Amino acid sequence: MFAVYHGPQGLKRIAERVHCLTAILAKGFESLGGKVLNDSFFDTLTLETGTNTTAVHGAAASRGVNLRVINDTCLGISLDETTTAEDVETLWQLLDANSSLRCSTNITRKQRCCVTYAVWRTRISPWTGP
C-alpha cells in the first residue's frame with residue numbers, strides 16, 4: 001500500500017531524499033574525523049566508532065535513537081523517510097559531543113539534493129544543486 005499511496009514519483013522522491021540525508025550524515029561524520037566503513041550505501045552506514053561504541057550507543061538509546069551495534073568498534077545507522085535534518089544533527093552530536101555541524105537540505109523539483117552546512121561548503125559536493 002505504501003507504493004500505491006505514494007506512486008512511482010513519490011517513491012523516487014522519498015528514496016532520493018533518504019539517500020541524500022545518508023550521504024550528508026556520512027560526509028559530516030568524516031569531517032568530524034570519523035570513518036565510514038562501507039564504500040557504497042543507500043540508507044545504511046557502518047561507522048567506525050572505536051572505543052566510544054558503547055558510550056555512543058548508550059547515549060543514543062537514552063535519547064530514543066536506535067543504533068545497531070555491529071561489534072565492539074562499529075555502529076550501524078539506517079535512515080528512512082521519517083528522518084529529518086535535525087535527526088542528522090542529533091546523530092552528529094551523539095557521535096561527537098563537540099559537533100556544531102548544521103544540516104539544511106532542500107530537495108528541488110528535479111530531486112537533487114542541495115546541502116548547506118559549513119563543512120560541506122569547503123568540500124566538493126557530489127550534487128550539482130538546483
# chains A, B, ... in the order shown; residues from 1 in each chain; ligands from 1
>>> residues_around(residues="stretch 76-87 of chain A", least_positions_apart="5", cutoff="12 Å", atoms="only C-alpha atoms", output="PyMOL selection string")
chain A and resi 2+6+10-26+28-29+36-38+41-49+53+56-57+60+63-71+92-95+101-107+115-117
>>> atom_distance(atom1="atom CA of A:Gly33", atom2="atom CA of A:Val88")
16.2 Å
>>> atom_distance(atom1="atom CA of A:Gly34", atom2="atom CA of A:Ala55")
15.3 Å
>>> atom_distance(atom1="atom CA of A:Thr54", atom2="atom CA of A:Asp72")
7.5 Å
>>> select_by_dssp(residues="stretch 24-87 of chain A", states="helix (DSSP H, G or I)", output="PyMOL selection string")
chain A and resi 24-31+50-62+85-87
>>> decode(residues="stretch 27-76 of chain A", atoms="N, CA and C atoms", output="short mmCIF file (atom, residue, chain, number, x, y, z; two decimals), in the first residue's frame")
data_model
loop_
_atom_site.label_atom_id
_atom_site.label_comp_id
_atom_site.auth_asym_id
_atom_site.auth_seq_id
_atom_site.Cartn_x
_atom_site.Cartn_y
_atom_site.Cartn_z
N LYS A 27 29.26 12.34 5.16
CA LYS A 27 30.25 13.40 4.97
C LYS A 27 30.49 14.17 6.26
N GLY A 28 29.43 14.43 6.99
CA GLY A 28 29.59 15.12 8.27
C GLY A 28 30.40 14.30 9.25
N PHE A 29 30.11 13.01 9.34
CA PHE A 29 30.86 12.13 10.25
C PHE A 29 32.33 12.12 9.88
N GLU A 30 32.61 12.03 8.58
CA GLU A 30 34.01 12.04 8.13
C GLU A 30 34.68 13.38 8.46
N SER A 31 33.93 14.47 8.34
CA SER A 31 34.51 15.78 8.65
C SER A 31 34.80 15.92 10.14
N LEU A 32 34.13 15.13 10.96
CA LEU A 32 34.39 15.11 12.41
C LEU A 32 35.55 14.19 12.75
N GLY A 33 36.16 13.59 11.72
CA GLY A 33 37.30 12.70 11.94
C GLY A 33 36.92 11.24 11.99
N GLY A 34 35.66 10.91 11.76
CA GLY A 34 35.20 9.53 11.79
C GLY A 34 35.45 8.81 10.47
N LYS A 35 35.24 7.52 10.48
CA LYS A 35 35.44 6.71 9.28
C LYS A 35 34.17 5.93 8.97
N VAL A 36 33.67 6.12 7.75
CA VAL A 36 32.54 5.33 7.26
C VAL A 36 33.14 4.10 6.60
N LEU A 37 32.73 2.92 7.03
CA LEU A 37 33.35 1.69 6.55
C LEU A 37 32.80 1.18 5.23
N ASN A 38 31.55 1.46 4.91
CA ASN A 38 31.03 0.97 3.63
C ASN A 38 31.31 1.99 2.53
N ASP A 39 31.86 1.49 1.41
CA ASP A 39 32.18 2.35 0.27
C ASP A 39 30.92 2.81 -0.47
N SER A 40 29.93 1.97 -0.51
CA SER A 40 28.67 2.32 -1.16
C SER A 40 27.53 2.09 -0.18
N PHE A 41 26.47 2.89 -0.34
CA PHE A 41 25.35 2.78 0.58
C PHE A 41 24.12 3.41 -0.05
N PHE A 42 22.99 3.07 0.50
CA PHE A 42 21.75 3.74 0.13
C PHE A 42 21.19 4.47 1.34
N ASP A 43 20.80 3.71 2.37
CA ASP A 43 20.22 4.32 3.57
C ASP A 43 20.89 3.88 4.86
N THR A 44 21.92 3.04 4.76
CA THR A 44 22.55 2.46 5.95
C THR A 44 24.05 2.66 5.92
N LEU A 45 24.59 3.12 7.03
CA LEU A 45 26.03 3.33 7.16
C LEU A 45 26.59 2.44 8.27
N THR A 46 27.81 1.99 8.06
CA THR A 46 28.56 1.32 9.11
C THR A 46 29.68 2.28 9.50
N LEU A 47 29.66 2.72 10.75
CA LEU A 47 30.61 3.71 11.22
C LEU A 47 31.59 3.11 12.21
N GLU A 48 32.85 3.45 12.04
CA GLU A 48 33.86 3.02 13.00
C GLU A 48 33.83 4.01 14.15
N THR A 49 33.44 3.53 15.31
CA THR A 49 33.31 4.40 16.47
C THR A 49 34.34 4.08 17.56
N GLY A 50 35.19 3.10 17.29
CA GLY A 50 36.30 2.78 18.18
C GLY A 50 35.88 2.47 19.59
N THR A 51 36.65 3.01 20.52
CA THR A 51 36.39 2.74 21.94
C THR A 51 35.16 3.48 22.45
N ASN A 52 34.59 4.36 21.63
CA ASN A 52 33.40 5.11 22.03
C ASN A 52 32.09 4.38 21.71
N THR A 53 32.18 3.20 21.14
CA THR A 53 30.98 2.50 20.66
C THR A 53 29.93 2.33 21.75
N THR A 54 30.32 1.80 22.88
CA THR A 54 29.36 1.56 23.96
C THR A 54 28.77 2.87 24.48
N ALA A 55 29.60 3.89 24.64
CA ALA A 55 29.12 5.18 25.14
C ALA A 55 28.16 5.83 24.14
N VAL A 56 28.51 5.80 22.86
CA VAL A 56 27.64 6.40 21.83
C VAL A 56 26.31 5.65 21.77
N HIS A 57 26.38 4.33 21.80
CA HIS A 57 25.16 3.52 21.75
C HIS A 57 24.27 3.81 22.96
N GLY A 58 24.86 3.92 24.14
CA GLY A 58 24.10 4.22 25.35
C GLY A 58 23.48 5.61 25.31
N ALA A 59 24.25 6.59 24.86
CA ALA A 59 23.73 7.96 24.76
C ALA A 59 22.59 8.02 23.75
N ALA A 60 22.75 7.30 22.64
CA ALA A 60 21.69 7.27 21.63
C ALA A 60 20.42 6.65 22.20
N ALA A 61 20.57 5.52 22.87
CA ALA A 61 19.40 4.84 23.45
C ALA A 61 18.68 5.74 24.45
N SER A 62 19.44 6.50 25.24
CA SER A 62 18.81 7.37 26.23
C SER A 62 18.04 8.52 25.57
N ARG A 63 18.35 8.82 24.31
CA ARG A 63 17.63 9.88 23.58
C ARG A 63 16.61 9.29 22.60
N GLY A 64 16.40 7.97 22.68
CA GLY A 64 15.41 7.34 21.82
C GLY A 64 15.88 7.10 20.40
N VAL A 65 17.20 7.12 20.19
CA VAL A 65 17.77 6.89 18.87
C VAL A 65 18.24 5.44 18.80
N ASN A 66 17.77 4.72 17.79
CA ASN A 66 18.07 3.30 17.65
C ASN A 66 19.27 3.10 16.74
N LEU A 67 20.41 2.74 17.32
CA LEU A 67 21.61 2.40 16.57
C LEU A 67 21.88 0.92 16.73
N ARG A 68 22.52 0.33 15.72
CA ARG A 68 22.80 -1.10 15.75
C ARG A 68 24.27 -1.32 16.10
N VAL A 69 24.53 -2.08 17.14
CA VAL A 69 25.90 -2.44 17.49
C VAL A 69 26.32 -3.57 16.56
N ILE A 70 27.37 -3.32 15.78
CA ILE A 70 27.87 -4.34 14.86
C ILE A 70 28.93 -5.17 15.56
N ASN A 71 29.84 -4.49 16.24
CA ASN A 71 30.84 -5.15 17.07
C ASN A 71 31.35 -4.13 18.09
N ASP A 72 32.45 -4.42 18.76
CA ASP A 72 32.95 -3.54 19.82
C ASP A 72 33.40 -2.17 19.32
N THR A 73 33.64 -2.04 18.02
CA THR A 73 34.18 -0.78 17.50
C THR A 73 33.34 -0.16 16.38
N CYS A 74 32.19 -0.75 16.08
CA CYS A 74 31.39 -0.25 14.95
C CYS A 74 29.90 -0.19 15.28
N LEU A 75 29.26 0.85 14.74
CA LEU A 75 27.82 1.01 14.86
C LEU A 75 27.20 1.11 13.47
N GLY A 76 25.97 0.64 13.36
CA GLY A 76 25.21 0.78 12.12
C GLY A 76 24.09 1.78 12.32
#
